[in-house]
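Below: model13.cif (mmCIF, C-alpha atoms)
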data_entry
#
loop_
_atom_site.group_PDB
_atom_site.id
_atom_site.type_symbol
_atom_site.label_atom_id
_atom_site.label_comp_id
_atom_site.auth_asym_id
_atom_site.auth_seq_id
_atom_site.Cartn_x
_atom_site.Cartn_y
_atom_site.Cartn_z
ATOM 1 C CA MET G 3 100.381 114.498 91.725
ATOM 2 C CA ASP G 4 102.649 117.262 92.798
ATOM 3 C CA ASP G 5 100.712 118.914 95.585
ATOM 4 C CA SER G 6 99.510 116.029 97.700
ATOM 5 C CA PRO G 7 99.362 116.781 101.435
ATOM 6 C CA ASN G 8 102.253 114.361 102.044
ATOM 7 C CA THR G 9 104.622 116.135 99.693
ATOM 8 C CA HIS G 10 106.648 118.056 102.236
ATOM 9 C CA ARG G 11 106.896 115.528 105.070
ATOM 10 C CA GLY G 12 110.372 114.247 104.217
ATOM 11 C CA ILE G 13 111.546 110.767 103.432
ATOM 12 C CA ALA G 14 110.472 109.186 106.728
ATOM 13 C CA ARG G 15 107.160 108.091 105.208
ATOM 14 C CA TYR G 16 109.045 106.038 102.606
ATOM 15 C CA ILE G 17 111.103 104.105 105.182
ATOM 16 C CA PRO G 18 108.548 101.257 105.574
ATOM 17 C CA ILE G 19 108.535 100.647 101.796
ATOM 18 C CA TYR G 20 112.341 100.870 101.753
ATOM 19 C CA VAL G 21 112.610 98.278 104.528
ATOM 20 C CA ILE G 22 110.102 95.991 102.777
ATOM 21 C CA LEU G 23 112.077 96.221 99.516
ATOM 22 C CA LEU G 24 115.300 95.341 101.331
ATOM 23 C CA ALA G 25 113.562 92.449 103.085
ATOM 24 C CA LEU G 26 112.190 91.143 99.783
ATOM 25 C CA SER G 27 115.676 91.294 98.275
ATOM 26 C CA GLY G 28 116.943 89.354 101.303
ATOM 27 C CA LEU G 29 114.151 86.825 100.781
ATOM 28 C CA GLN G 30 115.339 86.268 97.204
ATOM 29 C CA ILE G 31 118.885 85.597 98.423
ATOM 30 C CA PHE G 32 117.511 83.175 101.032
ATOM 31 C CA LEU G 33 115.385 81.368 98.431
ATOM 32 C CA ALA G 34 118.402 81.003 96.160
ATOM 33 C CA TYR G 35 120.124 78.825 98.779
ATOM 34 C CA THR G 36 117.125 76.610 99.565
ATOM 35 C CA LYS G 37 116.565 73.244 97.887
ATOM 36 C CA LEU G 38 113.550 74.320 95.849
ATOM 37 C CA ASP G 39 113.489 72.773 92.390
ATOM 38 C CA ARG G 40 114.436 75.129 89.573
ATOM 39 C CA ASN G 41 110.896 75.840 88.281
ATOM 40 C CA ARG G 42 109.473 76.617 91.720
ATOM 41 C CA MET G 43 112.468 78.782 92.503
ATOM 42 C CA LEU G 44 111.983 80.734 89.270
ATOM 43 C CA ALA G 45 108.279 81.210 90.059
ATOM 44 C CA ALA G 46 109.123 82.406 93.575
ATOM 45 C CA PHE G 47 111.772 84.814 92.272
ATOM 46 C CA LEU G 48 109.366 86.285 89.729
ATOM 47 C CA ALA G 49 106.578 86.642 92.300
ATOM 48 C CA VAL G 50 108.877 88.471 94.738
ATOM 49 C CA ALA G 51 110.338 90.661 91.965
ATOM 50 C CA LEU G 52 106.877 91.588 90.651
ATOM 51 C CA PHE G 53 105.671 92.482 94.152
ATOM 52 C CA SER G 54 108.810 94.591 94.745
ATOM 53 C CA ALA G 55 108.354 96.347 91.399
ATOM 54 C CA ALA G 56 104.692 97.038 92.166
ATOM 55 C CA LEU G 57 105.617 98.595 95.523
ATOM 56 C CA ALA G 58 108.301 100.751 93.899
ATOM 57 C CA VAL G 59 105.976 101.912 91.105
ATOM 58 C CA MET G 60 103.086 102.703 93.437
ATOM 59 C CA TYR G 61 104.975 104.374 96.292
ATOM 60 C CA PHE G 62 108.446 105.451 95.121
ATOM 61 C CA MET G 63 107.195 106.554 91.696
ATOM 62 C CA HIS G 64 103.975 107.898 93.244
ATOM 63 C CA MET G 65 101.658 106.112 90.829
ATOM 64 C CA ILE G 66 99.284 105.671 93.768
ATOM 65 C CA ASN G 67 98.856 109.462 93.937
ATOM 66 C CA GLU G 68 98.202 109.904 90.213
ATOM 67 C CA ARG G 69 94.884 109.740 88.442
ATOM 68 C CA ARG G 70 93.636 106.195 87.856
ATOM 69 C CA SER G 71 93.496 106.967 84.133
ATOM 70 C CA LEU G 72 97.312 107.201 84.022
ATOM 71 C CA PHE G 73 97.660 103.750 85.573
ATOM 72 C CA TRP G 74 95.054 102.178 83.284
ATOM 73 C CA SER G 75 96.538 103.812 80.185
ATOM 74 C CA LEU G 76 100.114 102.722 80.816
ATOM 75 C CA ILE G 77 100.473 99.615 82.937
ATOM 76 C CA PRO G 78 98.075 97.082 81.293
ATOM 77 C CA ALA G 79 99.485 97.878 77.829
ATOM 78 C CA THR G 80 103.019 97.265 79.057
ATOM 79 C CA ILE G 81 102.055 94.003 80.752
ATOM 80 C CA PHE G 82 100.319 92.923 77.530
ATOM 81 C CA VAL G 83 103.462 93.563 75.461
ATOM 82 C CA LEU G 84 105.618 91.682 77.978
ATOM 83 C CA LEU G 85 103.200 88.754 78.040
ATOM 84 C CA MET G 86 103.211 88.547 74.243
ATOM 85 C CA MET G 87 106.968 88.060 74.370
ATOM 86 C CA ASN G 88 106.329 84.695 76.039
ATOM 87 C CA MET G 89 105.473 83.092 72.717
ATOM 88 C CA ILE G 90 109.153 82.180 72.303
ATOM 89 C CA TRP G 91 109.159 79.458 74.958
ATOM 90 C CA SER G 92 107.815 76.544 72.907
ATOM 91 C CA ASP G 93 110.598 77.077 70.372
ATOM 92 C CA SER G 94 113.135 77.288 73.172
ATOM 93 C CA PHE G 95 112.096 73.862 74.532
ATOM 94 C CA ARG G 96 112.242 72.437 71.000
ATOM 95 C CA LEU G 97 115.784 73.700 70.607
ATOM 96 C CA LEU G 98 116.738 72.077 73.906
ATOM 97 C CA HIS G 99 116.260 68.651 72.344
ATOM 98 C CA MET G 100 118.208 69.661 69.243
ATOM 99 C CA ARG G 101 121.108 70.998 71.364
ATOM 100 C CA PRO G 102 121.826 73.857 68.950
ATOM 101 C CA PHE G 103 124.505 75.805 70.788
ATOM 102 C CA MET Y 3 102.971 125.216 93.019
ATOM 103 C CA SER Y 4 102.274 122.318 90.678
ATOM 104 C CA GLU Y 5 103.629 122.250 87.124
ATOM 105 C CA LEU Y 6 100.177 122.890 85.704
ATOM 106 C CA ASN Y 7 99.580 125.860 87.953
ATOM 107 C CA HIS Y 8 103.033 127.116 87.073
ATOM 108 C CA SER Y 9 102.194 126.975 83.362
ATOM 109 C CA MET Y 10 98.904 128.764 83.946
ATOM 110 C CA ALA Y 11 100.663 131.448 85.932
ATOM 111 C CA LEU Y 12 102.915 132.045 82.933
ATOM 112 C CA GLY Y 13 99.858 132.798 80.824
ATOM 113 C CA HIS Y 14 99.947 129.731 78.573
ATOM 114 C CA ALA Y 15 96.707 128.241 79.832
ATOM 115 C CA ALA Y 16 94.564 129.782 77.097
ATOM 116 C CA ASN Y 17 96.674 128.066 74.413
ATOM 117 C CA MET Y 18 96.883 124.652 76.030
ATOM 118 C CA GLU Y 19 94.522 121.706 76.262
ATOM 119 C CA PRO Y 20 94.219 120.428 79.813
ATOM 120 C CA SER Y 21 96.338 117.347 80.456
ATOM 121 C CA PRO Y 22 94.122 114.221 80.486
ATOM 122 C CA TYR Y 23 96.174 112.797 83.343
ATOM 123 C CA ALA Y 24 96.651 116.038 85.308
ATOM 124 C CA ILE Y 25 100.424 115.748 85.041
ATOM 125 C CA PRO Y 26 102.923 117.826 83.054
ATOM 126 C CA SER Y 27 103.752 116.508 79.586
ATOM 127 C CA ARG Y 28 107.394 116.114 80.705
ATOM 128 C CA LYS Y 29 106.329 113.617 83.336
ATOM 129 C CA LEU Y 30 104.067 111.754 80.902
ATOM 130 C CA ALA Y 31 106.940 111.571 78.404
ATOM 131 C CA MET Y 32 109.179 110.108 81.110
ATOM 132 C CA TRP Y 33 106.545 107.474 81.944
ATOM 133 C CA LEU Y 34 106.274 106.533 78.250
ATOM 134 C CA PHE Y 35 110.059 106.310 77.968
ATOM 135 C CA ILE Y 36 110.243 104.150 81.093
ATOM 136 C CA LEU Y 37 107.607 101.735 79.825
ATOM 137 C CA SER Y 38 109.276 101.416 76.415
ATOM 138 C CA ASP Y 39 112.575 100.813 78.201
ATOM 139 C CA ALA Y 40 110.851 98.198 80.377
ATOM 140 C CA CYS Y 41 109.917 96.381 77.151
ATOM 141 C CA THR Y 42 113.554 96.563 76.008
ATOM 142 C CA PHE Y 43 114.774 94.991 79.249
ATOM 143 C CA GLY Y 44 111.873 92.525 79.106
ATOM 144 C CA ALA Y 45 112.955 91.438 75.614
ATOM 145 C CA LEU Y 46 116.554 91.021 76.786
ATOM 146 C CA LEU Y 47 115.533 88.974 79.822
ATOM 147 C CA PHE Y 48 113.205 86.808 77.731
ATOM 148 C CA ALA Y 49 116.010 86.261 75.204
ATOM 149 C CA TYR Y 50 118.264 85.296 78.105
ATOM 150 C CA GLY Y 51 115.641 82.823 79.329
ATOM 151 C CA TYR Y 52 115.285 81.430 75.801
ATOM 152 C CA LEU Y 53 119.014 80.830 75.443
ATOM 153 C CA ARG Y 54 119.278 79.385 78.906
ATOM 154 C CA THR Y 55 116.371 76.980 78.425
ATOM 155 C CA ALA Y 56 117.728 75.867 75.068
ATOM 156 C CA SER Y 57 121.247 75.247 76.413
ATOM 157 C CA PRO Y 58 121.692 72.111 78.530
ATOM 158 C CA ASP Y 59 125.139 73.191 79.754
ATOM 159 C CA TRP Y 60 124.369 76.721 80.985
ATOM 160 C CA PRO Y 61 127.118 77.787 83.441
ATOM 161 C CA THR Y 62 126.338 78.424 87.121
ATOM 162 C CA PRO Y 63 129.481 80.308 88.140
ATOM 163 C CA PHE Y 64 128.308 82.720 90.876
ATOM 164 C CA LYS Y 65 129.830 81.802 94.244
ATOM 165 C CA PHE Y 66 128.631 83.494 97.446
ATOM 166 C CA TYR Y 67 132.001 85.185 97.705
ATOM 167 C CA PRO Y 68 132.715 87.372 95.834
ATOM 168 C CA SER Y 69 129.774 87.487 93.376
ATOM 169 C CA ILE Y 70 126.619 87.111 95.481
ATOM 170 C CA LEU Y 71 128.019 89.170 98.352
ATOM 171 C CA ASN Y 72 128.865 91.857 95.812
ATOM 172 C CA VAL Y 73 125.301 91.685 94.444
ATOM 173 C CA ILE Y 74 123.842 92.009 97.966
ATOM 174 C CA ILE Y 75 125.868 95.181 98.555
ATOM 175 C CA MET Y 76 124.939 96.544 95.103
ATOM 176 C CA THR Y 77 121.245 95.896 95.772
ATOM 177 C CA PHE Y 78 121.416 97.644 99.143
ATOM 178 C CA VAL Y 79 123.209 100.613 97.574
ATOM 179 C CA LEU Y 80 120.728 100.956 94.699
ATOM 180 C CA ILE Y 81 117.578 100.692 96.841
ATOM 181 C CA THR Y 82 119.077 103.192 99.293
ATOM 182 C CA SER Y 83 119.801 105.546 96.392
ATOM 183 C CA SER Y 84 116.109 105.434 95.465
ATOM 184 C CA LEU Y 85 115.297 106.546 99.005
ATOM 185 C CA THR Y 86 117.778 109.433 98.844
ATOM 186 C CA MET Y 87 116.343 110.467 95.467
ATOM 187 C CA LEU Y 88 112.915 110.650 97.107
ATOM 188 C CA GLY Y 89 114.513 112.986 99.635
ATOM 189 C CA ALA Y 90 115.671 115.175 96.747
ATOM 190 C CA VAL Y 91 112.174 115.239 95.223
ATOM 191 C CA ASP Y 92 110.581 116.235 98.524
ATOM 192 C CA ALA Y 93 113.206 118.907 99.204
ATOM 193 C CA SER Y 94 112.862 120.349 95.684
ATOM 194 C CA LYS Y 95 109.083 120.595 96.039
ATOM 195 C CA ALA Y 96 109.592 122.399 99.338
ATOM 196 C CA GLY Y 97 111.921 124.809 97.525
ATOM 197 C CA ASP Y 98 114.918 123.875 99.682
ATOM 198 C CA LYS Y 99 117.807 124.063 97.215
ATOM 199 C CA ALA Y 100 120.573 123.153 99.673
ATOM 200 C CA LYS Y 101 118.755 120.037 100.840
ATOM 201 C CA THR Y 102 117.897 119.060 97.275
ATOM 202 C CA MET Y 103 121.543 119.341 96.251
ATOM 203 C CA ARG Y 104 122.620 117.294 99.271
ATOM 204 C CA TRP Y 105 120.186 114.444 98.532
ATOM 205 C CA MET Y 106 121.012 114.431 94.826
ATOM 206 C CA GLY Y 107 124.720 114.423 95.659
ATOM 207 C CA ILE Y 108 124.275 111.400 97.934
ATOM 208 C CA THR Y 109 122.280 109.658 95.199
ATOM 209 C CA MET Y 110 125.070 110.306 92.682
ATOM 210 C CA VAL Y 111 127.671 108.921 95.086
ATOM 211 C CA LEU Y 112 125.592 105.787 95.665
ATOM 212 C CA GLY Y 113 125.098 105.392 91.903
ATOM 213 C CA ALA Y 114 128.850 105.705 91.385
ATOM 214 C CA ILE Y 115 129.513 103.098 94.103
ATOM 215 C CA PHE Y 116 127.064 100.760 92.366
ATOM 216 C CA ALA Y 117 128.864 101.257 89.034
ATOM 217 C CA ILE Y 118 132.278 100.612 90.612
ATOM 218 C CA LEU Y 119 131.032 97.396 92.252
ATOM 219 C CA HIS Y 120 129.533 96.372 88.929
ATOM 220 C CA VAL Y 121 132.837 96.895 87.123
ATOM 221 C CA ARG Y 122 134.581 94.919 89.883
ATOM 222 C CA GLU Y 123 132.161 92.042 89.299
ATOM 223 C CA TRP Y 124 132.850 92.158 85.571
ATOM 224 C CA ALA Y 125 136.610 92.257 86.156
ATOM 225 C CA GLY Y 126 136.362 89.154 88.366
ATOM 226 C CA LEU Y 127 134.469 87.210 85.683
ATOM 227 C CA ILE Y 128 136.779 88.379 82.911
ATOM 228 C CA GLY Y 129 139.690 87.290 85.106
ATOM 229 C CA GLU Y 130 138.128 83.823 85.295
ATOM 230 C CA GLY Y 131 138.106 83.618 81.507
ATOM 231 C CA VAL Y 132 134.584 84.795 80.605
ATOM 232 C CA ARG Y 133 134.440 86.499 77.215
ATOM 233 C CA LEU Y 134 131.534 87.465 74.959
ATOM 234 C CA PHE Y 135 131.521 84.132 73.139
ATOM 235 C CA GLN Y 136 133.552 81.813 75.318
ATOM 236 C CA ASN Y 137 133.936 80.785 78.933
ATOM 237 C CA PRO Y 138 135.568 77.898 80.779
ATOM 238 C CA TRP Y 139 132.321 76.273 81.962
ATOM 239 C CA GLY Y 140 129.668 75.692 79.301
ATOM 240 C CA SER Y 141 127.385 77.380 76.788
ATOM 241 C CA SER Y 142 129.370 79.927 74.813
ATOM 242 C CA LEU Y 143 126.450 82.377 74.884
ATOM 243 C CA PHE Y 144 126.634 82.877 78.647
ATOM 244 C CA GLY Y 145 129.079 85.781 78.347
ATOM 245 C CA ALA Y 146 127.164 87.549 75.585
ATOM 246 C CA SER Y 147 123.848 87.413 77.444
ATOM 247 C CA PHE Y 148 125.383 88.279 80.836
ATOM 248 C CA PHE Y 149 127.371 91.253 79.578
ATOM 249 C CA SER Y 150 124.455 92.492 77.412
ATOM 250 C CA ILE Y 151 121.912 92.560 80.230
ATOM 251 C CA THR Y 152 124.157 93.808 83.024
ATOM 252 C CA GLY Y 153 125.950 96.157 80.608
ATOM 253 C CA LEU Y 154 122.706 97.811 79.503
ATOM 254 C CA HIS Y 155 121.724 98.199 83.135
ATOM 255 C CA LEU Y 156 125.137 99.631 83.999
ATOM 256 C CA LEU Y 157 124.766 102.072 81.092
ATOM 257 C CA HIS Y 158 121.436 103.188 82.564
ATOM 258 C CA VAL Y 159 123.030 103.700 85.987
ATOM 259 C CA ILE Y 160 125.905 105.766 84.561
ATOM 260 C CA SER Y 161 123.462 107.787 82.416
ATOM 261 C CA GLY Y 162 121.305 108.338 85.492
ATOM 262 C CA VAL Y 163 124.223 109.599 87.570
ATOM 263 C CA ILE Y 164 125.109 112.069 84.801
ATOM 264 C CA ALA Y 165 121.452 113.132 84.402
ATOM 265 C CA ILE Y 166 121.086 113.689 88.153
ATOM 266 C CA GLY Y 167 124.236 115.830 88.092
ATOM 267 C CA VAL Y 168 122.962 117.934 85.189
ATOM 268 C CA VAL Y 169 119.506 118.400 86.745
ATOM 269 C CA ALA Y 170 120.998 119.214 90.164
ATOM 270 C CA ARG Y 171 123.166 121.901 88.572
ATOM 271 C CA GLY Y 172 120.191 123.353 86.685
ATOM 272 C CA PHE Y 173 117.997 123.280 89.785
ATOM 273 C CA SER Y 174 120.617 125.056 91.888
ATOM 274 C CA ARG Y 175 120.917 127.763 89.225
ATOM 275 C CA GLY Y 176 117.155 128.148 88.943
ATOM 276 C CA SER Y 177 116.933 127.111 85.289
ATOM 277 C CA LEU Y 178 115.229 123.799 86.132
ATOM 278 C CA THR Y 179 112.235 123.144 88.385
ATOM 279 C CA ALA Y 180 111.147 120.588 90.953
ATOM 280 C CA GLY Y 181 109.283 118.898 88.096
ATOM 281 C CA HIS Y 182 112.610 118.139 86.414
ATOM 282 C CA VAL Y 183 113.919 116.628 89.649
ATOM 283 C CA GLU Y 184 110.788 114.477 89.901
ATOM 284 C CA SER Y 185 111.084 113.243 86.290
ATOM 285 C CA THR Y 186 114.735 112.328 86.877
ATOM 286 C CA ALA Y 187 113.703 110.488 90.039
ATOM 287 C CA LEU Y 188 111.160 108.444 88.044
ATOM 288 C CA TYR Y 189 113.984 107.301 85.779
ATOM 289 C CA TRP Y 190 116.214 106.455 88.751
ATOM 290 C CA HIS Y 191 113.506 104.362 90.419
ATOM 291 C CA PHE Y 192 113.024 102.506 87.142
ATOM 292 C CA VAL Y 193 116.729 101.597 87.109
ATOM 293 C CA ASP Y 194 116.211 100.231 90.622
ATOM 294 C CA ILE Y 195 113.187 98.172 89.514
ATOM 295 C CA VAL Y 196 115.093 96.609 86.603
ATOM 296 C CA TRP Y 197 117.801 95.491 89.033
ATOM 297 C CA MET Y 198 115.124 93.681 91.083
ATOM 298 C CA PHE Y 199 114.606 91.387 88.065
ATOM 299 C CA VAL Y 200 118.235 91.140 86.935
ATOM 300 C CA VAL Y 201 119.471 89.864 90.319
ATOM 301 C CA PRO Y 202 117.242 86.786 90.624
ATOM 302 C CA LEU Y 203 117.108 85.873 86.935
ATOM 303 C CA VAL Y 204 120.750 86.410 85.996
ATOM 304 C CA TYR Y 205 122.649 85.896 89.271
ATOM 305 C CA LEU Y 206 120.576 83.865 91.724
ATOM 306 C CA MET Y 207 119.393 81.314 89.148
ATOM 307 C CA SER Y 208 123.056 80.673 88.366
ATOM 308 C CA ILE Y 209 124.653 80.325 91.787
ATOM 309 C CA ALA Y 210 127.419 77.748 92.171
ATOM 310 C CA ARG Y 211 126.145 74.897 94.385
ATOM 311 C CA ARG Y 212 129.351 72.968 94.925
#

Output the file's structure in the form of structure tokens.
Amino acid sequence: MDDSPNTHRGIARYIPIYVILLALSGLQIFLAYTKLDRNRMLAAFLAVALFSAALAVMYFMHMINERRSLFWSLIPATIFVLLMMNMIWSDSFRLLHMRPF
Amino acid sequence: MSELNHSMALGHAANMEPSPYAIPSRKLAMWLFILSDACTFGALLFAYGYLRTASPDWPTPFKFYPSILNVIIMTFVLITSSLTMLGAVDASKAGDKAKTMRWMGITMVLGAIFAILHVREWAGLIGEGVRLFQNPWGSSLFGASFFSITGLHLLHVISGVIAIGVVARGFSRGSLTAGHVESTALYWHFVDIVWMFVVPLVYLMSIARR
């Protein structure tokens, strides 16, 4: 919310989150050059990206200072929609064996 | 003074229902836009994954130099621009116009640097023969999916730089409030978050290993 006690303390309080986000991006670059197999690498990338996004939403976008009702109204519905998009994968694997492109 | 208090001070309180989330409707609208846009990017990234999984000869063209190094710099620039935008939000809430303008100006410069680096990356790939429906390495859909995803993101960055400029001008003239700066910042952070998914899924999963 707009008038939290931290509002006027400058950007110094965001530096730890900023450093963590940079470190997580560095971790992704590091992981890309390891010998993890493709599926594990993808899982690791997604885990790091989701954690980074959660930090940015909660602290940079101040969701942590908003009413809980805002979070519960918006975020689960979005995650649900994104999860429903995963129904395409079985068809994608089928197409792999048909080599369509 | 918060947006709600500001509205009440203007005498509109008697005609308005209280906000269920205790935020201005402008900010709620921005959140709804961001989440719908997140679904758009989600659909694009899922479509990319679909094509990639279904194509046995998906190209892996991104060498450390210049592509991945370029991406590292772009990521640093974009995350730093989120930090400077937070500076603008704080300064605007404190009523410090000069500081707000300075932070928003830095954010615009960083956004412009990101866009220039992005165009440089595109130019390099186009120079190597990548087109929308052909490339020298493998699946012909690589170019279409790459340019669609990164192009939509680039469009968001350019739109954001313009929006920040417009809001900064309005704020300096007194026609826009700190609430407008905050809503613009929400959008800018969202652009940053999308990049956190584009980098690993589009670039890092396709690094050249030879």

Query - Residue IDs satisfying the PyMOL selection byres ((chain G) within 8 of (chain Y)), as a PyMOL selection string - result: chain G and resi 3-5+9-13+16-17+20+23-24+27+30-31+34+40+44+47-48+51+54-55+58-59+62-63+68-69+71-72+76+80+83-84+87-88+90-91+94-99+101-103

Report task. May I ask for the distance between CA of Trp139 (chain Y) and CA of Glu123 (chain Y), given in Å to one decimal place? Result -> 17.4 Å

**Report entry** Point-to-point distance from CA of Leu46 (chain Y) to CA of His158 (chain Y), Å rounded to tenths
**Finding:** 14.3 Å

Query - Coordinates-based distance that separates CA of Phe73 (chain G) from CA of Leu57 (chain G) (Å, one decimal) - result: 13.7 Å

Query raised in the report: Do you know which residues are at most 10 Å from region 127-137 of chain Y counting only C-alpha atoms, after dropping those on the same chain fewer than 2 positions away, and could you put them as a PyMOL selection string?
Result: chain Y and resi 61+63-64+69+121-125+139-150
